[in-house]
$ cat my_file_37.pdb   # PDB, C-alpha atoms
ATOM      1  CA  MET A   1     -28.744  -0.293   7.539
ATOM      2  CA  ASP A   2     -28.354  -3.495   5.565
ATOM      3  CA  GLN A   3     -24.962  -4.812   4.520
ATOM      4  CA  ASN A   4     -25.168  -3.465   0.966
ATOM      5  CA  ALA A   5     -25.914   0.024   2.280
ATOM      6  CA  LEU A   6     -22.840  -0.174   4.535
ATOM      7  CA  LYS A   7     -20.705  -1.337   1.601
ATOM      8  CA  GLU A   8     -21.956   1.535  -0.560
ATOM      9  CA  GLN A   9     -21.303   4.053   2.214
ATOM     10  CA  THR A  10     -17.747   2.781   2.644
ATOM     11  CA  GLY A  11     -17.000   2.584  -1.065
ATOM     12  CA  LYS A  12     -18.090   6.157  -1.641
ATOM     13  CA  GLU A  13     -16.163   7.425   1.391
ATOM     14  CA  SER A  14     -12.908   5.914   0.127
ATOM     15  CA  VAL A  15     -13.033   7.937  -3.108
ATOM     16  CA  LYS A  16     -12.334  11.060  -1.012
ATOM     17  CA  TYR A  17      -8.759   9.811  -0.719
ATOM     18  CA  ILE A  18      -8.225   9.679  -4.483
ATOM     19  CA  LYS A  19      -6.770  12.892  -5.899
ATOM     20  CA  SER A  20      -6.286  14.045  -9.476
ATOM     21  CA  GLY A  21      -3.088  12.735 -11.075
ATOM     22  CA  MET A  22      -2.849   9.625  -8.912
ATOM     23  CA  ILE A  23      -2.077   6.091 -10.010
ATOM     24  CA  VAL A  24      -4.683   4.077  -8.131
ATOM     25  CA  GLY A  25      -4.913   0.357  -7.472
ATOM     26  CA  LEU A  26      -8.506  -0.775  -7.880
ATOM     27  CA  GLY A  27      -9.375  -3.895  -5.936
ATOM     28  CA  THR A  28     -11.988  -6.574  -6.418
ATOM     29  CA  GLY A  29     -15.233  -7.415  -4.669
ATOM     30  CA  SER A  30     -18.695  -6.172  -3.813
ATOM     31  CA  THR A  31     -17.580  -3.196  -1.706
ATOM     32  CA  VAL A  32     -14.958  -2.137  -4.243
ATOM     33  CA  LYS A  33     -17.625  -2.171  -6.955
ATOM     34  CA  TYR A  34     -19.343   0.751  -5.202
ATOM     35  CA  MET A  35     -16.001   2.569  -4.978
ATOM     36  CA  VAL A  36     -15.292   2.148  -8.696
ATOM     37  CA  ASP A  37     -18.830   3.307  -9.554
ATOM     38  CA  GLU A  38     -18.342   6.475  -7.503
ATOM     39  CA  LEU A  39     -14.856   7.057  -8.922
ATOM     40  CA  GLY A  40     -16.180   6.685 -12.461
ATOM     41  CA  LYS A  41     -18.935   9.187 -11.709
ATOM     42  CA  GLN A  42     -16.443  11.750 -10.415
ATOM     43  CA  VAL A  43     -14.152  11.187 -13.410
ATOM     44  CA  GLN A  44     -17.085  11.717 -15.783
ATOM     45  CA  GLU A  45     -18.065  14.906 -13.936
ATOM     46  CA  GLY A  46     -14.497  16.208 -14.077
ATOM     47  CA  LYS A  47     -14.067  16.277 -10.288
ATOM     48  CA  ILE A  48     -11.123  13.866 -10.452
ATOM     49  CA  LYS A  49      -8.817  14.200 -13.458
ATOM     50  CA  ASP A  50      -5.834  12.442 -15.019
ATOM     51  CA  ILE A  51      -5.919   9.327 -12.891
ATOM     52  CA  ILE A  52      -4.657   5.925 -13.962
ATOM     53  CA  GLY A  53      -6.136   2.733 -12.578
ATOM     54  CA  VAL A  54      -4.315  -0.560 -12.082
ATOM     55  CA  THR A  55      -6.781  -3.345 -11.406
ATOM     56  CA  THR A  56      -6.601  -6.579  -9.445
ATOM     57  CA  SER A  57      -8.976  -8.511 -11.703
ATOM     58  CA  ASN A  58     -10.303  -8.552 -15.235
ATOM     59  CA  ARG A  59     -13.836  -7.823 -14.020
ATOM     60  CA  THR A  60     -12.733  -4.654 -12.212
ATOM     61  CA  ALA A  61     -10.820  -3.602 -15.337
ATOM     62  CA  LYS A  62     -13.961  -3.959 -17.448
ATOM     63  CA  GLN A  63     -16.089  -2.052 -14.954
ATOM     64  CA  ALA A  64     -13.560   0.782 -14.752
ATOM     65  CA  ARG A  65     -13.070   1.078 -18.517
ATOM     66  CA  ASP A  66     -16.837   1.120 -19.063
ATOM     67  CA  LEU A  67     -16.980   4.117 -16.701
ATOM     68  CA  GLY A  68     -14.246   6.011 -18.548
ATOM     69  CA  ILE A  69     -11.371   5.349 -16.147
ATOM     70  CA  THR A  70      -7.977   4.938 -17.833
ATOM     71  CA  ILE A  71      -6.532   1.512 -17.042
ATOM     72  CA  LYS A  72      -2.914   0.422 -17.410
ATOM     73  CA  ASP A  73      -1.165  -2.875 -16.833
ATOM     74  CA  ILE A  74       0.859  -3.029 -13.626
ATOM     75  CA  ASP A  75       4.087  -3.423 -15.616
ATOM     76  CA  ASP A  76       3.379  -0.153 -17.426
ATOM     77  CA  VAL A  77       3.593   1.924 -14.228
ATOM     78  CA  ASP A  78       6.578   2.323 -11.895
ATOM     79  CA  HIS A  79       4.504   2.637  -8.721
ATOM     80  CA  ILE A  80       0.958   2.896  -7.375
ATOM     81  CA  ASP A  81       0.102   5.816  -5.106
ATOM     82  CA  LEU A  82      -2.850   4.224  -3.341
ATOM     83  CA  THR A  83      -4.626   0.887  -3.622
ATOM     84  CA  ILE A  84      -8.174   0.570  -2.343
ATOM     85  CA  ASP A  85      -9.395  -2.985  -1.893
ATOM     86  CA  GLY A  86     -11.811  -5.040   0.161
ATOM     87  CA  ALA A  87     -11.085  -7.759   2.714
ATOM     88  CA  ASP A  88     -12.895 -10.856   3.919
ATOM     89  CA  GLU A  89     -11.617 -10.637   7.496
ATOM     90  CA  ILE A  90      -9.533  -8.115   9.452
ATOM     91  CA  SER A  91      -8.233  -9.030  12.900
ATOM     92  CA  ASP A  92      -7.691  -6.721  15.857
ATOM     93  CA  ASP A  93      -4.022  -6.320  14.868
ATOM     94  CA  PHE A  94      -4.901  -5.466  11.236
ATOM     95  CA  GLN A  95      -3.937  -8.762   9.658
ATOM     96  CA  GLY A  96      -6.248  -9.852   6.845
ATOM     97  CA  ILE A  97      -7.730 -12.675   4.839
ATOM     98  CA  LYS A  98      -8.520 -11.835   1.219
ATOM     99  CA  GLY A  99      -9.367 -13.841  -1.861
ATOM    100  CA  GLY A 100     -13.039 -14.611  -1.415
ATOM    101  CA  GLY A 101     -13.518 -13.267  -4.926
ATOM    102  CA  GLY A 102     -10.623 -15.332  -6.255
ATOM    103  CA  ALA A 103      -8.238 -12.441  -7.014
ATOM    104  CA  LEU A 104      -5.738 -12.897  -4.177
ATOM    105  CA  LEU A 105      -2.594 -13.248  -6.334
ATOM    106  CA  TRP A 106      -3.196 -10.089  -8.358
ATOM    107  CA  GLU A 107      -4.365  -8.281  -5.209
ATOM    108  CA  LYS A 108      -1.115  -9.077  -3.426
ATOM    109  CA  ILE A 109       1.027  -8.076  -6.424
ATOM    110  CA  VAL A 110      -0.778  -4.741  -6.705
ATOM    111  CA  ALA A 111      -0.542  -4.154  -2.947
ATOM    112  CA  ASN A 112       3.203  -4.803  -3.030
ATOM    113  CA  ALA A 113       3.644  -2.104  -5.689
ATOM    114  CA  SER A 114       1.651   0.466  -3.695
ATOM    115  CA  ASN A 115       2.890   3.324  -1.551
ATOM    116  CA  LYS A 116      -0.259   3.057   0.557
ATOM    117  CA  VAL A 117      -2.982   0.410   0.940
ATOM    118  CA  MET A 118      -6.520   1.040   2.155
ATOM    119  CA  TRP A 119      -9.084  -1.666   2.867
ATOM    120  CA  ILE A 120     -12.787  -0.879   2.756
ATOM    121  CA  VAL A 121     -15.204  -3.161   4.612
ATOM    122  CA  ASP A 122     -18.489  -3.255   6.448
ATOM    123  CA  GLU A 123     -18.234  -3.872  10.184
ATOM    124  CA  SER A 124     -19.061  -7.597   9.849
ATOM    125  CA  LYS A 125     -15.533  -8.151   8.485
ATOM    126  CA  LEU A 126     -13.852  -7.115  11.765
ATOM    127  CA  VAL A 127     -12.870 -10.106  13.923
ATOM    128  CA  HIS A 128     -10.669 -10.712  16.950
ATOM    129  CA  LYS A 129      -8.754 -13.559  15.283
ATOM    130  CA  LEU A 130      -8.593 -14.675  11.673
ATOM    131  CA  GLY A 131      -9.896 -18.011  10.494
ATOM    132  CA  ALA A 132     -13.689 -18.155  10.490
ATOM    133  CA  PHE A 133     -13.593 -17.154   6.806
ATOM    134  CA  PRO A 134     -12.085 -19.983   4.706
ATOM    135  CA  LEU A 135      -8.482 -19.218   3.769
ATOM    136  CA  PRO A 136      -7.971 -19.256  -0.020
ATOM    137  CA  ILE A 137      -4.815 -20.820  -1.443
ATOM    138  CA  GLU A 138      -4.028 -20.383  -5.138
ATOM    139  CA  VAL A 139      -2.388 -23.431  -6.735
ATOM    140  CA  ILE A 140      -1.202 -24.143 -10.263
ATOM    141  CA  PRO A 141      -3.267 -26.859 -11.976
ATOM    142  CA  PHE A 142      -0.282 -29.154 -12.676
ATOM    143  CA  GLY A 143       0.039 -31.460  -9.674
ATOM    144  CA  SER A 144      -2.717 -29.652  -7.792
ATOM    145  CA  GLN A 145      -4.298 -32.865  -6.519
ATOM    146  CA  HIS A 146      -0.971 -33.745  -4.908
ATOM    147  CA  VAL A 147      -0.996 -30.379  -3.113
ATOM    148  CA  PHE A 148      -4.572 -31.016  -1.974
ATOM    149  CA  ASP A 149      -3.678 -34.504  -0.718
ATOM    150  CA  ARG A 150      -0.552 -33.235   1.072
ATOM    151  CA  LEU A 151      -2.570 -30.600   2.925
ATOM    152  CA  GLU A 152      -5.204 -33.168   3.804
ATOM    153  CA  ARG A 153      -2.540 -35.492   5.240
ATOM    154  CA  LYS A 154      -1.389 -32.601   7.415
ATOM    155  CA  GLY A 155      -4.857 -32.584   8.955
ATOM    156  CA  TYR A 156      -6.332 -29.557   7.245
ATOM    157  CA  LYS A 157     -10.019 -29.493   6.378
ATOM    158  CA  LEU A 158     -10.179 -28.214   2.816
ATOM    159  CA  THR A 159     -12.311 -27.979  -0.313
ATOM    160  CA  TRP A 160     -11.786 -27.077  -3.941
ATOM    161  CA  ARG A 161     -13.271 -23.709  -4.944
ATOM    162  CA  MET A 162     -15.915 -24.612  -7.517
ATOM    163  CA  ASP A 163     -17.591 -22.778 -10.389
ATOM    164  CA  GLY A 164     -20.673 -24.873 -11.024
ATOM    165  CA  ASP A 165     -19.495 -28.422 -11.654
ATOM    166  CA  LYS A 166     -15.946 -27.353 -12.581
ATOM    167  CA  LYS A 167     -13.042 -26.116 -10.509
ATOM    168  CA  PHE A 168     -12.938 -22.326 -10.250
ATOM    169  CA  ARG A 169     -10.232 -20.671 -12.365
ATOM    170  CA  THR A 170      -8.491 -17.443 -11.376
ATOM    171  CA  ASP A 171      -7.494 -14.758 -13.889
ATOM    172  CA  GLU A 172      -4.116 -16.538 -14.003
ATOM    173  CA  ASN A 173      -5.964 -19.787 -14.836
ATOM    174  CA  ASN A 174      -5.027 -21.345 -11.506
ATOM    175  CA  TYR A 175      -7.202 -23.262  -9.025
ATOM    176  CA  ILE A 176      -8.151 -22.244  -5.488
ATOM    177  CA  ILE A 177      -8.223 -24.520  -2.451
ATOM    178  CA  ASP A 178     -10.119 -23.162   0.558
ATOM    179  CA  LEU A 179      -8.851 -24.123   4.021
ATOM    180  CA  HIS A 180     -11.554 -24.271   6.700
ATOM    181  CA  LEU A 181      -9.608 -23.474   9.847
ATOM    182  CA  SER A 182     -12.099 -21.821  12.261
ATOM    183  CA  LYS A 183      -9.226 -20.004  14.005
ATOM    184  CA  ILE A 184      -5.663 -19.102  13.037
ATOM    185  CA  ASP A 185      -3.491 -18.709  16.139
ATOM    186  CA  ASP A 186      -0.256 -17.846  14.287
ATOM    187  CA  PRO A 187      -0.954 -16.353  10.840
ATOM    188  CA  LYS A 188       2.733 -15.754  10.064
ATOM    189  CA  ALA A 189       3.736 -19.346  10.798
ATOM    190  CA  LEU A 190       0.861 -20.634   8.666
ATOM    191  CA  ALA A 191       1.729 -18.290   5.799
ATOM    192  CA  ASP A 192       5.374 -19.426   5.930
ATOM    193  CA  GLU A 193       4.394 -23.102   5.955
ATOM    194  CA  LEU A 194       2.021 -22.810   3.006
ATOM    195  CA  ILE A 195       4.071 -20.577   0.709
ATOM    196  CA  HIS A 196       7.006 -23.014   0.878
ATOM    197  CA  MET A 197       4.903 -25.907  -0.428
ATOM    198  CA  VAL A 198       5.683 -26.538  -4.099
ATOM    199  CA  GLY A 199       2.639 -25.853  -6.250
ATOM    200  CA  ILE A 200       1.167 -23.157  -4.012
ATOM    201  CA  VAL A 201       1.418 -19.809  -5.783
ATOM    202  CA  GLU A 202       0.052 -17.548  -3.038
ATOM    203  CA  THR A 203      -2.162 -17.528   0.052
ATOM    204  CA  GLY A 204      -4.973 -15.224   1.099
ATOM    205  CA  LEU A 205      -3.138 -14.194   4.265
ATOM    206  CA  PHE A 206      -2.356 -10.489   3.890
ATOM    207  CA  LEU A 207      -0.031  -9.735   6.792
ATOM    208  CA  ASN A 208       1.326  -6.273   7.646
ATOM    209  CA  ARG A 209       0.074  -4.922   4.322
ATOM    210  CA  VAL A 210      -2.583  -2.317   5.145
ATOM    211  CA  ASN A 211      -2.184   1.314   6.223
ATOM    212  CA  ASP A 212      -5.791   2.402   6.764
ATOM    213  CA  VAL A 213      -9.166   0.696   7.005
ATOM    214  CA  ILE A 214     -12.517   2.369   6.354
ATOM    215  CA  VAL A 215     -15.327   0.550   8.139
ATOM    216  CA  GLY A 216     -18.979   1.039   7.286
ATOM    217  CA  THR A 217     -21.163   1.301  10.401
ATOM    218  CA  PRO A 218     -24.773   2.407  11.014
ATOM    219  CA  GLU A 219     -23.321   5.578  12.570
ATOM    220  CA  GLY A 220     -21.274   6.355   9.469
ATOM    221  CA  PRO A 221     -17.863   5.400   8.085
ATOM    222  CA  LYS A 222     -14.991   5.064  10.549
ATOM    223  CA  VAL A 223     -11.304   5.259   9.625
ATOM    224  CA  LEU A 224      -8.881   2.990  11.472
ATOM    225  CA  HIS A 225      -5.145   3.598  11.140
ATOM    226  CA  ALA A 226      -3.070   0.435  11.094
ATOM    227  CA  ARG A 227       0.378   2.003  10.528
TER     228      ARG A 227
END
$ encode --input "my_file_37.pdb" --output "C-alpha cells"
Amino acid sequence: MDQNALKEQTGKESVKYIKSGMIVGLGTGSTVKYMVDELGKQVQEGKIKDIIGVTTSNRTAKQARDLGITIKDIDDVDHIDLTIDGADEISDDFQGIKGGGGALLWEKIVANASNKVMWIVDESKLVHKLGAFPLPIEVIPFGSQHVFDRLERKGYKLTWRMDGDKKFRTDENNYIIDLHLSKIDDPKALADELIHMVGIVETGLFLNRVNDVIVGTPEGPKVLHAR
C-alpha cells in the first residue's frame, strides 16, 4: 500500500470513535483530511448526528462546513470530548512533533481543551527518538529576527518556513521557524528552554498529550494506547 492509502485507511478507522452528540476536535493535515471526508459522509447519511466540530485551522473549518458538519469556535464550547489529529513524528514513549502544516498553536489549544486526544498516522511517522522531522516554532512577527538570531547563536541549525518568496503565515498571522535537530535527547528540557524565550508563542513538541494512536499499516490499522 502506498502512503496515501495508509492515511485514508487510518482516517476512516478513526471515525469509528466519533459518536452522535459529541463535540469533536478536528485536526489539520493530509491524514485528517481523509477523516473529515469520512465524517462528513456519515453526517450526510445520518449515521452520526448532532455533532459539533472545533477545528485547528481555517482550512479544516472550510472543509468540514462544506461537508455539512456544524463548526463552532473553541470559546463557544466548554469542553471537547475527543480530538483527532495527525502527527509528524511519534516516539516510542508517545511524545510527538506536530506543526508540519503550520497549525501547531491552534492544535495545542484544542488538545488542551479535550477530554481525550487521538493521533492518526501512517507507520512512517513512528520513530525511536524525535528530531529527524524539523521542529516548528511559532514566533510573533515583531522582533522575530532577534529570536532567529538568538537561536542561531545558541548553535541551532534553523530556517524560516517559507510560502513562495515570503515567510509563511499561520492562521494567527505569526511566522514559523523550523529547527533542524536530527535527534532530540531531552524533549522536555528543549520545550522548557524554547517556551521561555520571549517572542516564541509555542513549539511543535507535544509532550504527554495523546491517549491513543491509530497507525496505518499494510496489515490494517493498529491502535496503540499511550495512557
$ axis_aligned_box --input "my_file_37.pdb" --around "stretch 32-35 of chain A" --padding-each-side "5 Å" --output "JSON"
{"center_x": -17.2, "center_y": 0.2, "center_z": -5.6, "size_x": 14.4, "size_y": 14.7, "size_z": 12.7}
$ residues_around --input "my_file_37.pdb" --residues "A:Leu39" --least-positions-apart "5" --cutoff "12 Å" --atoms "all atoms listed in the file" --output "number ranges by chain"
A: 11-20, 24, 26, 32-34, 44-49, 51-53, 63-70, 84
$ resolve_selection --input "my_file_37.pdb" --expression "the PyMOL selection byres ((chain A and resi 141-157) around 10)" --output "VMD selection string"
chain A and resid 134 138 to 140 158 to 160 167 169 173 to 182 194 197 to 200
$ atom_distance --input "my_file_37.pdb" --atom1 "atom CA of A:Ile184" --atom2 "atom CA of A:Val213"
21.0 Å
$ resolve_selection --input "my_file_37.pdb" --expression "the PyMOL selection byres ((chain A and resi 94-109) around 6)" --output "CSV table (one decimal) with C-alpha atoms, in the coordinates of the input"
chain,number,residue,atom,x,y,z
A,56,THR,CA,-6.6,-6.6,-9.4
A,87,ALA,CA,-11.1,-7.8,2.7
A,88,ASP,CA,-12.9,-10.9,3.9
A,89,GLU,CA,-11.6,-10.6,7.5
A,90,ILE,CA,-9.5,-8.1,9.5
A,91,SER,CA,-8.2,-9.0,12.9
A,92,ASP,CA,-7.7,-6.7,15.9
A,93,ASP,CA,-4.0,-6.3,14.9
A,110,VAL,CA,-0.8,-4.7,-6.7
A,111,ALA,CA,-0.5,-4.2,-2.9
A,112,ASN,CA,3.2,-4.8,-3.0
A,136,PRO,CA,-8.0,-19.3,0.0
A,170,THR,CA,-8.5,-17.4,-11.4
A,204,GLY,CA,-5.0,-15.2,1.1
A,205,LEU,CA,-3.1,-14.2,4.3
A,206,PHE,CA,-2.4,-10.5,3.9
A,207,LEU,CA,0.0,-9.7,6.8
$ closest_residue --input "my_file_37.pdb" --among "A:Thr28, A:Val121, A:Ile23, A:Lys222" --to "A:Val77" --atoms "all atoms listed in the file"
A:Ile23
$ closest_residue --input "my_file_37.pdb" --among "A:Asp171, A:Glu8, A:Asp76, A:Asp122" --to "A:Asn58" --atoms "only C-alpha atoms"
A:Asp171
$ closest_residue --input "my_file_37.pdb" --among "A:Pro187, A:Ile120, A:Met22, A:Asp75" --to "A:Gln9" --atoms "all atoms listed in the file"
A:Ile120
$ atom_distance --input "my_file_37.pdb" --atom1 "atom CA of A:Ile80" --atom2 "atom CA of A:Met35"
17.1 Å
$ closest_residue --input "my_file_37.pdb" --among "A:Ser124, A:Asp50, A:Val36, A:His225" --to "A:Gly21" --atoms "only C-alpha atoms"
A:Asp50
